[in-house]
file start.cif (mmCIF, C-alpha atoms)
data_upload
loop_
_atom_site.label_atom_id
_atom_site.label_comp_id
_atom_site.auth_asym_id
_atom_site.auth_seq_id
_atom_site.Cartn_x
_atom_site.Cartn_y
_atom_site.Cartn_z
CA MET A 442 -30.27 -11.21 -62.89
CA LEU A 443 -26.84 -11.96 -64.27
CA ASN A 444 -25.83 -15.61 -64.15
CA ILE A 445 -22.27 -16.77 -63.88
CA SER A 446 -21.72 -20.49 -63.96
CA GLY A 447 -20.24 -22.40 -61.02
CA ILE A 448 -16.61 -23.40 -60.81
CA HIS A 449 -15.05 -26.82 -60.56
CA GLU A 450 -12.03 -25.95 -58.45
CA GLY A 451 -11.06 -22.59 -57.00
CA PHE A 452 -12.40 -19.84 -54.80
CA VAL A 453 -15.45 -17.70 -54.42
CA LEU A 454 -14.69 -14.51 -52.55
CA ASP A 455 -17.99 -13.28 -51.22
CA HIS A 456 -19.13 -10.27 -49.19
CA ILE A 457 -16.54 -7.96 -50.70
CA GLN A 458 -17.39 -4.36 -49.98
CA ALA A 459 -18.95 -2.90 -53.15
CA GLY A 460 -16.29 -1.24 -55.28
CA MET A 461 -13.33 -3.10 -53.78
CA SER A 462 -13.19 -6.00 -56.21
CA MET A 463 -10.78 -4.42 -58.69
CA ARG A 464 -8.30 -3.61 -55.92
CA ILE A 465 -8.47 -7.20 -54.73
CA TYR A 466 -8.08 -8.39 -58.33
CA HIS A 467 -4.78 -6.52 -58.55
CA ASP A 468 -3.53 -7.17 -54.99
CA LEU A 469 -4.10 -10.92 -55.35
CA LYS A 470 -2.28 -10.65 -58.70
CA LEU A 471 -5.19 -12.37 -60.43
CA ASP A 472 -4.19 -10.57 -63.62
CA GLN A 473 -1.03 -12.70 -63.64
CA LEU A 474 -2.88 -16.01 -63.32
CA ASP A 475 -3.80 -17.94 -66.45
CA CYS A 476 -7.26 -18.93 -65.26
CA THR A 477 -10.90 -17.92 -65.43
CA VAL A 478 -11.83 -15.00 -63.21
CA ALA A 479 -15.31 -13.53 -62.86
CA ILE A 480 -15.79 -10.20 -61.14
CA ILE A 481 -19.32 -9.40 -60.12
CA LYS A 482 -19.87 -5.83 -59.02
CA ASN A 483 -22.76 -4.38 -57.07
CA ALA A 484 -24.59 -7.67 -56.51
CA LYS A 485 -27.61 -7.45 -54.22
CA SER A 486 -26.92 -8.46 -50.64
CA ASN A 487 -29.32 -8.74 -47.71
CA LYS A 488 -26.50 -8.13 -45.27
CA MET A 489 -24.59 -5.40 -47.10
CA GLY A 490 -27.08 -3.85 -49.52
CA LYS A 491 -24.56 -4.11 -52.34
CA LYS A 492 -21.49 -6.31 -52.55
CA ASP A 493 -18.83 -7.50 -54.97
CA ILE A 494 -18.00 -11.15 -55.61
CA ILE A 495 -14.95 -12.66 -57.28
CA LYS A 496 -14.91 -16.19 -58.62
CA VAL A 497 -11.54 -17.68 -59.49
CA GLU A 498 -11.09 -21.03 -61.18
CA CYS A 499 -7.60 -22.08 -60.09
CA PRO A 500 -5.79 -24.68 -57.95
CA VAL A 501 -6.65 -24.03 -54.29
CA ASP A 502 -3.05 -23.28 -53.27
CA ALA A 503 -2.52 -20.65 -55.98
CA LEU A 504 -3.62 -17.62 -53.97
CA ASP A 505 -2.01 -15.75 -51.08
CA LEU A 506 -5.03 -15.12 -48.91
CA ASP A 507 -3.06 -13.21 -46.24
CA ILE A 508 -3.40 -10.12 -48.37
CA LEU A 509 -7.18 -10.51 -48.31
CA GLY A 510 -7.13 -10.49 -44.51
CA PHE A 511 -5.27 -7.19 -44.67
CA ILE A 512 -7.69 -5.63 -47.17
CA ASP A 513 -10.85 -6.76 -45.39
CA HIS A 514 -10.96 -9.67 -43.00
CA ARG A 515 -14.79 -9.78 -43.25
CA ILE A 516 -14.66 -11.21 -46.78
CA THR A 517 -15.99 -14.77 -46.98
CA VAL A 518 -13.67 -17.19 -48.74
CA ASN A 519 -15.37 -20.32 -50.08
CA VAL A 520 -13.01 -23.03 -51.27
CA ILE A 521 -14.51 -25.09 -54.10
CA LYS A 522 -13.43 -28.59 -55.05
CA ASP A 523 -15.33 -30.94 -57.35
CA ASP A 524 -18.06 -28.28 -57.74
CA LYS A 525 -18.76 -28.15 -54.01
CA ILE A 526 -17.85 -25.78 -51.19
CA VAL A 527 -15.36 -27.85 -49.17
CA GLU A 528 -14.19 -25.14 -46.79
CA LYS A 529 -15.06 -21.65 -45.62
CA LYS A 530 -11.79 -19.99 -44.74
CA ALA A 531 -11.70 -17.51 -41.89
CA LEU A 532 -9.53 -14.54 -42.66
CA HIS A 533 -7.33 -12.92 -40.08
CA LEU A 534 -5.14 -9.86 -40.05
CA PRO A 535 -1.71 -10.99 -41.23
CA LYS A 536 1.18 -10.24 -38.87
CA GLU A 537 3.15 -8.77 -41.77
CA VAL A 538 2.32 -7.66 -45.29
CA HIS A 539 5.02 -7.61 -47.93
CA ASN A 540 5.02 -5.34 -50.98
CA VAL A 541 1.28 -4.62 -50.88
CA ILE A 542 1.37 -1.15 -49.39
CA PHE A 543 4.17 1.38 -49.51
CA CYS A 544 5.71 3.69 -46.93
CA LYS A 545 4.92 7.32 -47.64
CA ASN A 546 7.37 8.75 -45.10
CA PRO A 547 9.94 10.75 -47.11
CA ARG A 548 12.44 10.23 -44.28
CA CYS A 549 12.20 6.42 -44.45
CA ILE A 550 15.15 4.42 -45.81
CA THR A 551 12.74 2.81 -48.31
CA SER A 552 12.38 6.21 -49.98
CA ILE A 553 15.98 6.06 -51.23
CA GLU A 554 16.74 2.33 -51.36
CA GLN A 555 14.02 1.13 -53.65
CA GLU A 556 15.17 -2.48 -53.83
CA LEU A 557 14.13 -2.96 -50.20
CA GLU A 558 11.05 -5.03 -49.57
CA GLN A 559 8.14 -2.92 -48.30
CA ILE A 560 7.20 -4.59 -45.03
CA PHE A 561 4.40 -3.49 -42.72
CA VAL A 562 3.94 -5.08 -39.30
CA LEU A 563 0.66 -5.40 -37.40
CA THR A 564 1.26 -3.49 -34.15
CA ASP A 565 -2.29 -3.06 -32.88
CA PRO A 566 -4.69 -5.81 -34.03
CA GLU A 567 -7.65 -4.23 -32.24
CA ASN A 568 -7.41 -1.03 -34.26
CA LYS A 569 -5.88 -2.68 -37.33
CA VAL A 570 -2.73 -0.58 -37.14
CA TYR A 571 0.14 -1.49 -39.43
CA ARG A 572 3.50 0.24 -39.17
CA CYS A 573 6.43 0.33 -41.55
CA LYS A 574 9.01 -2.16 -40.29
CA TYR A 575 11.83 0.32 -40.89
CA CYS A 576 10.60 3.74 -39.75
CA GLU A 577 7.49 2.62 -37.77
CA THR A 578 5.29 5.13 -39.58
CA LYS A 579 1.62 4.17 -39.31
CA PHE A 580 -0.02 3.13 -42.58
CA LYS A 581 -2.92 5.33 -43.62
CA ASN A 582 -5.16 4.59 -46.57
CA MET B 1290 24.10 -12.29 -32.63
CA ARG B 1291 22.49 -9.24 -31.07
CA HIS B 1292 22.05 -5.76 -32.39
CA LEU B 1293 20.74 -2.61 -30.75
CA MET B 1294 18.14 -0.74 -32.77
CA SER B 1295 15.96 0.72 -30.04
CA PRO B 1296 16.33 1.07 -26.27
CA LEU B 1297 13.37 -1.30 -25.97
CA ASP B 1298 15.43 -4.11 -27.50
CA LEU B 1299 16.75 -4.53 -23.96
CA SER B 1300 14.45 -5.94 -21.30
CA VAL B 1301 14.34 -4.18 -17.94
CA GLU B 1302 16.62 -6.92 -16.53
CA GLU B 1303 19.11 -6.59 -19.39
CA LEU B 1304 19.07 -2.84 -18.98
CA ASP B 1305 19.78 -3.20 -15.26
CA GLU B 1306 22.75 -5.43 -16.08
CA LEU B 1307 24.05 -2.96 -18.65
CA LEU B 1308 23.75 -0.02 -16.25
CA SER B 1309 25.48 -2.02 -13.50
CA LEU B 1310 28.30 -2.89 -15.89
CA ALA B 1311 28.62 0.78 -16.88
CA GLY B 1312 28.74 1.66 -13.18
CA ASP B 1313 31.53 -0.85 -12.62
CA ILE B 1314 33.45 0.52 -15.61
CA GLU B 1315 33.21 4.00 -14.09
CA LYS B 1316 34.61 2.76 -10.77
CA HIS B 1317 37.27 0.40 -12.15
CA PRO B 1318 38.32 1.63 -15.62
CA ASP B 1319 41.68 -0.18 -15.46
CA LYS B 1320 39.97 -3.53 -15.21
CA TYR B 1321 38.46 -2.99 -18.66
CA ALA B 1322 41.41 -1.28 -20.35
CA HIS B 1323 42.37 -4.34 -22.43
CA ALA B 1324 39.01 -6.08 -22.71
CA CYS B 1325 38.67 -5.42 -26.46
CA GLU B 1326 42.29 -5.82 -27.50
CA GLY B 1327 42.41 -7.04 -31.10
CA LYS B 1328 38.82 -5.98 -31.77
CA LYS B 1329 37.74 -3.25 -34.18
CA LEU B 1330 34.74 -0.92 -34.09
CA ALA B 1331 33.56 0.52 -37.41
CA THR B 1332 31.87 3.89 -37.12
CA CYS B 1333 29.77 4.30 -40.27
CA PHE B 1334 28.45 7.85 -40.10
CA TYR B 1335 26.45 8.89 -43.16
CA GLU B 1336 25.77 12.27 -41.55
CA PRO B 1337 28.10 14.24 -39.33
CA SER B 1338 27.79 13.82 -35.58
CA THR B 1339 31.09 14.51 -33.96
CA ARG B 1340 29.84 13.96 -30.43
CA THR B 1341 28.25 10.55 -30.87
CA ARG B 1342 31.07 9.30 -33.08
CA LEU B 1343 33.80 10.45 -30.70
CA SER B 1344 31.92 8.94 -27.78
CA PHE B 1345 31.83 5.56 -29.55
CA GLU B 1346 35.46 5.84 -30.54
CA ALA B 1347 36.52 6.86 -27.03
CA ALA B 1348 34.55 3.90 -25.66
CA MET B 1349 36.34 1.41 -27.92
CA LEU B 1350 39.77 2.97 -27.31
CA ASN B 1351 39.16 2.85 -23.54
CA LEU B 1352 38.54 -0.88 -23.94
CA GLY B 1353 41.86 -1.35 -25.73
CA GLY B 1354 40.26 -1.86 -29.16
CA ASN B 1355 40.71 -0.03 -32.44
CA VAL B 1356 38.40 2.07 -34.58
CA LEU B 1357 37.91 2.66 -38.29
CA GLY B 1358 35.14 4.22 -40.33
CA PHE B 1359 33.86 7.20 -42.28
CA HIS B 1360 32.35 10.46 -41.11
CA SER B 1361 29.98 11.52 -43.86
CA ALA B 1362 28.17 10.00 -46.81
CA ASP B 1363 30.43 12.00 -49.15
CA SER B 1364 33.50 10.16 -47.90
CA SER B 1365 31.87 6.73 -48.17
CA SER B 1366 30.84 4.51 -51.05
CA ALA B 1367 27.29 5.82 -50.58
CA ALA B 1368 28.44 8.75 -52.72
CA LYS B 1369 28.91 6.20 -55.52
CA GLY B 1370 25.40 4.89 -54.97
CA GLU B 1371 26.16 1.84 -52.81
CA SER B 1372 23.25 0.63 -50.68
CA VAL B 1373 23.42 0.35 -46.90
CA SER B 1374 22.98 -3.43 -47.25
CA ASP B 1375 26.04 -3.75 -49.47
CA THR B 1376 28.14 -1.42 -47.34
CA ILE B 1377 27.46 -3.37 -44.15
CA ARG B 1378 28.30 -6.67 -45.84
CA VAL B 1379 31.71 -5.25 -46.70
CA ILE B 1380 32.23 -3.61 -43.29
CA SER B 1381 31.45 -7.00 -41.69
CA CYS B 1382 34.67 -8.27 -43.30
CA TYR B 1383 36.73 -5.49 -41.74
CA ALA B 1384 35.41 -5.00 -38.20
CA ASP B 1385 33.97 -6.89 -35.21
CA ILE B 1386 31.16 -4.45 -34.37
CA CYS B 1387 29.61 -1.45 -36.10
CA ALA B 1388 27.94 1.77 -35.01
CA ILE B 1389 25.89 3.27 -37.84
CA ARG B 1390 24.35 6.71 -38.15
CA HIS B 1391 22.20 7.56 -41.13
CA PRO B 1392 19.78 10.40 -41.94
CA LYS B 1393 17.07 7.98 -43.10
CA GLU B 1394 14.79 6.24 -40.62
CA GLY B 1395 15.22 2.47 -40.48
CA ALA B 1396 18.69 2.47 -42.09
CA ALA B 1397 20.27 0.76 -39.08
CA LEU B 1398 17.64 -1.98 -39.20
CA VAL B 1399 18.40 -2.57 -42.87
CA ALA B 1400 22.10 -2.83 -41.95
CA SER B 1401 21.42 -5.27 -39.11
CA GLN B 1402 19.49 -7.59 -41.44
CA LYS B 1403 22.49 -8.07 -43.72
CA SER B 1404 25.30 -7.73 -41.22
CA GLY B 1405 27.69 -10.41 -40.07
CA ILE B 1406 28.64 -8.37 -36.97
CA PRO B 1407 26.60 -6.69 -34.21
CA VAL B 1408 25.16 -3.36 -35.34
CA ILE B 1409 24.44 -0.46 -33.02
CA ASN B 1410 22.02 2.19 -34.20
CA ALA B 1411 23.84 5.45 -33.55
CA GLY B 1412 20.87 7.48 -34.79
CA ASP B 1413 18.58 6.94 -37.79
CA GLY B 1414 17.08 10.30 -38.74
CA GLY B 1415 14.31 11.37 -36.39
CA HIS B 1416 13.53 7.78 -35.45
CA GLN B 1417 15.74 6.19 -32.78
CA HIS B 1418 18.98 7.02 -30.98
CA PRO B 1419 19.21 4.25 -28.40
CA THR B 1420 22.69 4.97 -27.02
CA GLN B 1421 21.58 8.51 -26.16
CA THR B 1422 18.68 7.01 -24.22
CA LEU B 1423 21.03 4.59 -22.46
CA THR B 1424 23.22 7.59 -21.60
CA ASP B 1425 20.22 9.47 -20.19
CA LEU B 1426 19.14 6.44 -18.19
CA LEU B 1427 22.60 5.85 -16.75
CA THR B 1428 22.83 9.52 -15.74
CA ILE B 1429 19.48 9.43 -13.96
CA TYR B 1430 20.19 6.05 -12.37
CA ASN B 1431 23.65 6.97 -11.11
CA LEU B 1432 22.64 10.36 -9.75
CA LYS B 1433 19.16 9.55 -8.44
CA GLY B 1434 19.71 5.89 -7.57
CA HIS B 1435 16.39 4.75 -9.03
CA PHE B 1436 13.84 5.37 -11.79
CA ASP B 1437 10.59 4.63 -10.02
CA HIS B 1438 8.34 7.44 -8.79
CA LEU B 1439 10.33 10.17 -10.51
CA LYS B 1440 8.66 13.24 -11.92
CA ILE B 1441 10.36 13.88 -15.27
CA GLY B 1442 10.03 17.19 -17.13
CA LEU B 1443 10.75 17.18 -20.84
CA CYS B 1444 11.17 20.61 -22.36
CA GLY B 1445 11.62 22.06 -25.84
CA ASP B 1446 11.15 20.23 -29.11
CA LEU B 1447 9.03 17.28 -28.07
CA LYS B 1448 7.72 16.72 -31.60
CA PHE B 1449 10.88 15.95 -33.54
CA GLY B 1450 13.09 15.22 -30.51
CA ARG B 1451 13.65 11.50 -30.85
CA THR B 1452 15.63 11.36 -27.59
CA VAL B 1453 12.48 12.50 -25.82
CA HIS B 1454 10.31 9.79 -27.41
CA SER B 1455 12.85 7.08 -26.63
CA LEU B 1456 13.27 8.26 -23.05
CA ILE B 1457 9.51 8.24 -22.46
CA ASN B 1458 9.27 4.71 -23.90
CA ALA B 1459 12.11 3.50 -21.70
CA LEU B 1460 10.91 5.13 -18.47
CA ILE B 1461 7.28 4.01 -18.60
CA ARG B 1462 8.53 0.52 -17.71
CA TYR B 1463 9.20 1.71 -14.14
CA PRO B 1464 6.43 2.18 -11.58
CA GLY B 1465 5.15 5.59 -10.57
CA VAL B 1466 6.96 7.63 -13.22
CA GLU B 1467 5.17 10.86 -14.17
CA PHE B 1468 5.85 13.22 -17.04
CA ILE B 1469 5.43 16.95 -17.45
CA LEU B 1470 5.71 17.84 -21.12
CA VAL B 1471 6.72 21.46 -21.68
CA SER B 1472 6.64 22.69 -25.26
CA PRO B 1473 5.13 25.29 -27.56
CA GLU B 1474 1.89 24.17 -29.21
CA GLU B 1475 3.65 23.45 -32.52
CA LEU B 1476 6.25 21.18 -30.93
CA ARG B 1477 4.05 19.05 -28.67
CA VAL B 1478 4.77 15.31 -28.48
CA PRO B 1479 3.20 13.45 -31.41
CA SER B 1480 -0.29 12.16 -30.73
CA TYR B 1481 0.84 8.51 -30.89
CA ILE B 1482 3.12 9.10 -27.88
CA ARG B 1483 0.17 10.53 -25.95
CA THR B 1484 -2.34 7.87 -26.92
CA ASP B 1485 -0.38 4.69 -27.74
CA VAL B 1486 2.36 5.13 -25.12
CA LEU B 1487 1.26 7.32 -22.21
CA GLU B 1488 -2.50 6.83 -22.13
CA ALA B 1489 -2.38 3.17 -23.20
CA ASN B 1490 -0.07 2.46 -20.24
CA HIS B 1491 -1.97 4.72 -17.80
CA ILE B 1492 1.05 6.95 -17.25
CA PRO B 1493 0.18 10.29 -15.64
CA TYR B 1494 1.30 13.29 -17.68
CA ARG B 1495 0.58 16.98 -18.05
CA GLU B 1496 1.28 19.27 -20.97
CA MET B 1497 2.34 22.86 -20.29
CA GLU B 1498 3.71 25.76 -22.24
CA LYS B 1499 5.57 27.68 -19.52
CA LEU B 1500 8.66 26.12 -18.00
CA GLU B 1501 8.29 28.33 -14.90
CA ASP B 1502 4.98 26.64 -14.09
CA ALA B 1503 6.48 23.17 -14.17
CA ILE B 1504 10.03 23.40 -12.90
CA GLY B 1505 9.25 23.46 -9.16
CA ASP B 1506 7.70 19.97 -9.28
CA LEU B 1507 10.44 18.13 -11.09
CA ASP B 1508 13.02 15.53 -10.09
CA VAL B 1509 14.61 15.64 -13.52
CA LEU B 1510 14.45 18.35 -16.19
CA TYR B 1511 15.42 17.11 -19.65
CA MET B 1512 16.08 20.06 -21.95
CA THR B 1513 16.26 19.65 -25.71
CA ARG B 1514 17.52 21.70 -28.59
CA VAL B 1515 15.26 22.77 -31.42
CA GLN B 1516 17.08 21.19 -34.36
CA ARG B 1517 17.32 23.12 -37.60
CA GLU B 1518 17.62 19.91 -39.66
CA ARG B 1519 14.19 18.67 -38.55
CA PHE B 1520 12.39 21.67 -40.10
CA PHE B 1521 11.50 21.94 -43.77
CA ASN B 1522 10.87 25.64 -43.28
CA GLU B 1523 13.57 28.03 -41.99
CA GLU B 1524 10.99 30.54 -40.72
CA ASP B 1525 9.44 27.96 -38.40
CA TYR B 1526 12.86 27.09 -37.04
CA VAL B 1527 13.76 30.72 -36.32
CA ARG B 1528 10.43 31.26 -34.54
CA MET B 1529 10.88 28.19 -32.31
CA LYS B 1530 14.57 28.05 -31.53
CA ASP B 1531 14.65 30.42 -28.56
CA PHE B 1532 11.26 29.56 -27.11
CA TYR B 1533 12.83 28.24 -23.89
CA ILE B 1534 15.94 29.48 -22.17
CA LEU B 1535 16.84 27.92 -18.84
CA ASP B 1536 18.62 30.54 -16.74
CA LYS B 1537 19.53 31.17 -13.10
CA GLU B 1538 16.18 32.78 -12.41
CA LYS B 1539 14.27 29.68 -13.48
CA MET B 1540 16.72 27.42 -11.64
CA ASN B 1541 15.85 29.33 -8.45
CA LEU B 1542 12.33 27.91 -8.75
CA ALA B 1543 13.60 24.32 -8.95
CA ARG B 1544 14.19 21.85 -6.15
CA GLU B 1545 17.63 21.52 -4.58
CA ASP B 1546 18.01 17.99 -5.88
CA MET B 1547 16.57 18.43 -9.38
CA LEU B 1548 18.87 17.30 -12.19
CA VAL B 1549 19.18 19.14 -15.50
CA LEU B 1550 20.00 16.85 -18.42
CA HIS B 1551 20.54 17.73 -22.06
CA PRO B 1552 21.59 15.44 -24.92
CA LEU B 1553 23.93 18.20 -26.20
CA PRO B 1554 24.94 20.12 -28.19
CA ARG B 1555 23.07 22.98 -26.54
CA VAL B 1556 22.63 26.25 -28.32
CA ASN B 1557 20.67 28.91 -26.45
CA GLU B 1558 18.24 26.77 -24.48
CA ILE B 1559 20.46 26.60 -21.42
CA SER B 1560 22.23 29.79 -20.44
CA VAL B 1561 25.95 29.27 -19.69
CA GLU B 1562 25.34 30.82 -16.24
CA VAL B 1563 23.61 27.55 -15.28
CA ASP B 1564 26.69 25.42 -16.08
CA ASP B 1565 28.25 25.83 -12.63
CA ASP B 1566 25.06 24.91 -10.80
CA PRO B 1567 25.61 21.47 -9.23
CA ARG B 1568 22.22 20.42 -10.57
CA ALA B 1569 23.42 20.92 -14.15
CA VAL B 1570 24.72 17.47 -15.06
CA TYR B 1571 24.78 17.60 -18.86
CA PHE B 1572 28.56 17.48 -19.14
CA LYS B 1573 28.70 14.61 -16.68
CA GLN B 1574 26.04 13.00 -18.87
CA ALA B 1575 28.48 13.08 -21.81
CA GLN B 1576 30.99 11.17 -19.66
CA TYR B 1577 28.33 8.61 -18.77
CA GLY B 1578 27.71 8.24 -22.50
CA VAL B 1579 31.20 6.80 -22.91
CA TYR B 1580 30.74 4.36 -20.01
CA VAL B 1581 27.41 3.10 -21.29
CA ARG B 1582 28.79 2.64 -24.82
CA MET B 1583 31.72 0.69 -23.36
CA ALA B 1584 29.25 -1.53 -21.52
CA LEU B 1585 27.21 -1.96 -24.69
CA ILE B 1586 30.21 -2.90 -26.85
CA LEU B 1587 31.27 -5.51 -24.27
CA THR B 1588 27.74 -6.89 -24.03
CA LEU B 1589 27.16 -7.16 -27.79
CA LEU B 1590 30.59 -8.73 -28.33
CA GLY B 1591 29.87 -11.16 -25.50
CA ILE B 1592 33.04 -10.21 -23.63
CA LYS B 1593 32.99 -10.76 -19.89
CA VAL B 1594 35.58 -9.20 -17.60
CA GLU B 1595 36.10 -10.89 -14.24
#

call {"tool": "encode", "arguments": {"input": "start.cif", "output": "structure tokens"}}
result
Amino acid sequence: MLNISGIHEGFVLDHIQAGMSMRIYHDLKLDQLDCTVAIIKNAKSNKMGKKDIIKVECPVDALDLDILGFIDHRITVNVIKDDKIVEKKALHLPKEVHNVIFCKNPRCITSIEQELEQIFVLTDPENKVYRCKYCETKFKN
Amino acid sequence: MRHLMSPLDLSVEELDELLSLAGDIEKHPDKYAHACEGKKLATCFYEPSTRTRLSFEAAMLNLGGNVLGFHSADSSSAAKGESVSDTIRVISCYADICAIRHPKEGAALVASQKSGIPVINAGDGGHQHPTQTLTDLLTIYNLKGHFDHLKIGLCGDLKFGRTVHSLINALIRYPGVEFILVSPEELRVPSYIRTDVLEANHIPYREMEKLEDAIGDLDVLYMTRVQRERFFNEEDYVRMKDFYILDKEKMNLAREDMLVLHPLPRVNEISVEVDDDPRAVYFKQAQYGVYVRMALILTLLGIKVE
């Protein structure tokens, strides 16, 4: 069993679908933070079989967790302060996501005006449908 | 400040008001002849569309206002690489209201976000063309007197035909409306219109391939042109363009009070022999397009005429 020490202040992102941790690492821009990050891949999980975990030692307001809700709202976010879990944050689907995903419609204005922010709007929360704010094209993974 | 990006930007009540205003303009044009004196409409057309542009310009001139603008991307600063956002910021200094047409979807929304004046989407690629929808609605409303419980046939290119998608979205807000969708297999309405719009709102609809099988049931037949510019492949366009031709023989199968609408320009899909049929209202529809644009300009500029 691999042991990673606890963190004093920061986040533990638990129940990440196995294999998704590197995407989350990039989407949360953890590579740009000057702090300790531990990525645990394929950890054993009773609930999921295998899961990924990310531990981030950083001030608690340093991360934009809306993006996490978009990637997978089932991820558990434990907020750590003074070595203890002080909060379990519930994730929700954000109403809008900015510059995380990109419109693939070649007829969209964003295809020629690249300085435009890439904005996707949640149009159907039940089915997790996001559409490009400009051309309304549905986002597909 | 309000803009018009999609027909659904207007609530049913606002739409009723707009259609009533357009109706009053039709009856009393003199009353409105000076309503926009001293105001300027900019027509920013990044792709050619003589009909829509002239309709906007006629609307503003009928209101006593002036017009300025450009008619293609080549004759605008877009040719020098200027963004839509920058162009609209500049146009906002010159005009009081702007109608923008652009081949890219969402361009009008981008303009509206940076504009200091009301922006009307005069067509953004295959996405939205709200003033065409308002024209279609005014035509149906004025000639039928109501929208509820109408059986609407939509025929031709239902896949790329944005006027069709907008019209469906606008009409489902009225009770009892039914649709008969007539198209070749390749040009059926996109699946999101079937599932997210029609089925999600429990709107009855049928899909058919032969116009003859549908025409006898209809209150309104909305014909569309198969547009060359929507196809990446010329062969597909050639195969599809003459799939439907509405002629006298087919009109004989229709009801006496059915209306034939078409957003124009038509090519071969309506035979010229149908033009004199009193049920063919597509040229009248073009006239209604001017009235509804006049009403829209007045509404967005906040001008009231007593």

call {"tool": "resolve_selection", "arguments": {"input": "start.cif", "expression": "the PyMOL selection byres ((chain B) within 8 of (chain A))", "output": "list in words"}}
result
Ser1372, Pro1392, Lys1393, Glu1394, Gly1395, Ala1396, Leu1398, Val1399, Gly1414 and His1416 of chain B

call {"tool": "resolve_selection", "arguments": {"input": "start.cif", "expression": "the PyMOL selection byres ((chain A and resi 528-540) around 12)", "output": "ChimeraX atom specification"}}
result
/A:450-455,468-470,501,505-522,525-527,541-544,551,555-574,580

call {"tool": "residues_around", "arguments": {"input": "start.cif", "residues": "range 1352-1355 of chain B", "least_positions_apart": "4", "cutoff": "12 Å", "atoms": "all atoms listed in the file", "output": "number ranges by chain"}}
result
B: 1314, 1317-1332, 1345-1348, 1383-1387, 1579-1580, 1582-1587, 1590, 1592, 1594

call {"tool": "resolve_selection", "arguments": {"input": "start.cif", "expression": "the PyMOL selection byres ((chain B and resi 1299-1305) around 12)", "output": "PyMOL selection string"}}
result
chain B and resi 1291-1298+1306-1312+1419-1420+1422-1424+1426-1427+1430-1431+1434-1436+1458-1464+1581+1584-1585+1588-1589

call {"tool": "atom_distance", "arguments": {"input": "start.cif", "atom1": "CA of Val1408 in chain B", "atom2": "CA of Gly1370 in chain B"}}
result
21.3 Å

call {"tool": "axis_aligned_box", "arguments": {"input": "start.cif", "around": "range 1389-1395 of chain B", "padding_each_side": "5 Å", "output": "AutoDock Vina command-line options"}}
result
--center_x 20.3 --center_y 6.4 --center_z -40.5 --size_x 21.1 --size_y 17.9 --size_z 15.3

call {"tool": "residues_near_point", "arguments": {"input": "start.cif", "point": "(18.5, 31.3, -19.2)", "cutoff": "6 Å", "atoms": "only C-alpha atoms", "output": "compact mmCIF listing (two decimals) with C-alpha atoms, in the coordinates of the input"}}
result
# COMPACT_ATOMS: atom_id res chain seq x y z
CA ILE B 1534 15.94 29.48 -22.17
CA LEU B 1535 16.84 27.92 -18.84
CA ASP B 1536 18.62 30.54 -16.74
CA ILE B 1559 20.46 26.60 -21.42
CA SER B 1560 22.23 29.79 -20.44

call {"tool": "atom_distance", "arguments": {"input": "start.cif", "atom1": "CA of Ile1482 in chain B", "atom2": "CA of Phe1468 in chain B"}}
result
11.9 Å

call {"tool": "atom_distance", "arguments": {"input": "start.cif", "atom1": "CA of Thr1452 in chain B", "atom2": "CA of Ala1388 in chain B"}}
result
17.3 Å

call {"tool": "residues_around", "arguments": {"input": "start.cif", "residues": "Leu1553 in chain B", "least_positions_apart": "6", "cutoff": "10 Å", "atoms": "only C-alpha atoms", "output": "PyMOL selection string"}}
result
chain B and resi 1340-1341+1421+1512-1514+1571-1572+1574-1575

call {"tool": "residues_around", "arguments": {"input": "start.cif", "residues": "Ile481 in chain A", "least_positions_apart": "2", "cutoff": "12 Å", "atoms": "all atoms listed in the file", "output": "CSV table (one decimal) with C-alpha atoms, keeping the file's coordinate frame"}}
result
chain,number,residue,atom,x,y,z
A,442,MET,CA,-30.3,-11.2,-62.9
A,443,LEU,CA,-26.8,-12.0,-64.3
A,444,ASN,CA,-25.8,-15.6,-64.2
A,445,ILE,CA,-22.3,-16.8,-63.9
A,446,SER,CA,-21.7,-20.5,-64.0
A,453,VAL,CA,-15.4,-17.7,-54.4
A,454,LEU,CA,-14.7,-14.5,-52.6
A,455,ASP,CA,-18.0,-13.3,-51.2
A,456,HIS,CA,-19.1,-10.3,-49.2
A,457,ILE,CA,-16.5,-8.0,-50.7
A,458,GLN,CA,-17.4,-4.4,-50.0
A,459,ALA,CA,-19.0,-2.9,-53.2
A,460,GLY,CA,-16.3,-1.2,-55.3
A,461,MET,CA,-13.3,-3.1,-53.8
A,462,SER,CA,-13.2,-6.0,-56.2
A,463,MET,CA,-10.8,-4.4,-58.7
A,466,TYR,CA,-8.1,-8.4,-58.3
A,478,VAL,CA,-11.8,-15.0,-63.2
A,479,ALA,CA,-15.3,-13.5,-62.9
A,483,ASN,CA,-22.8,-4.4,-57.1
A,484,ALA,CA,-24.6,-7.7,-56.5
A,485,LYS,CA,-27.6,-7.4,-54.2
A,491,LYS,CA,-24.6,-4.1,-52.3
A,492,LYS,CA,-21.5,-6.3,-52.6
A,493,ASP,CA,-18.8,-7.5,-55.0
A,494,ILE,CA,-18.0,-11.2,-55.6
A,495,ILE,CA,-15.0,-12.7,-57.3
A,496,LYS,CA,-14.9,-16.2,-58.6
A,497,VAL,CA,-11.5,-17.7,-59.5

call {"tool": "closest_residue", "arguments": {"input": "start.cif", "among": "B:Leu1443, B:Leu1542, B:Val1549, B:Val1466", "to": "Glu1498 in chain B", "atoms": "all atoms listed in the file"}}
result
B:Leu1443
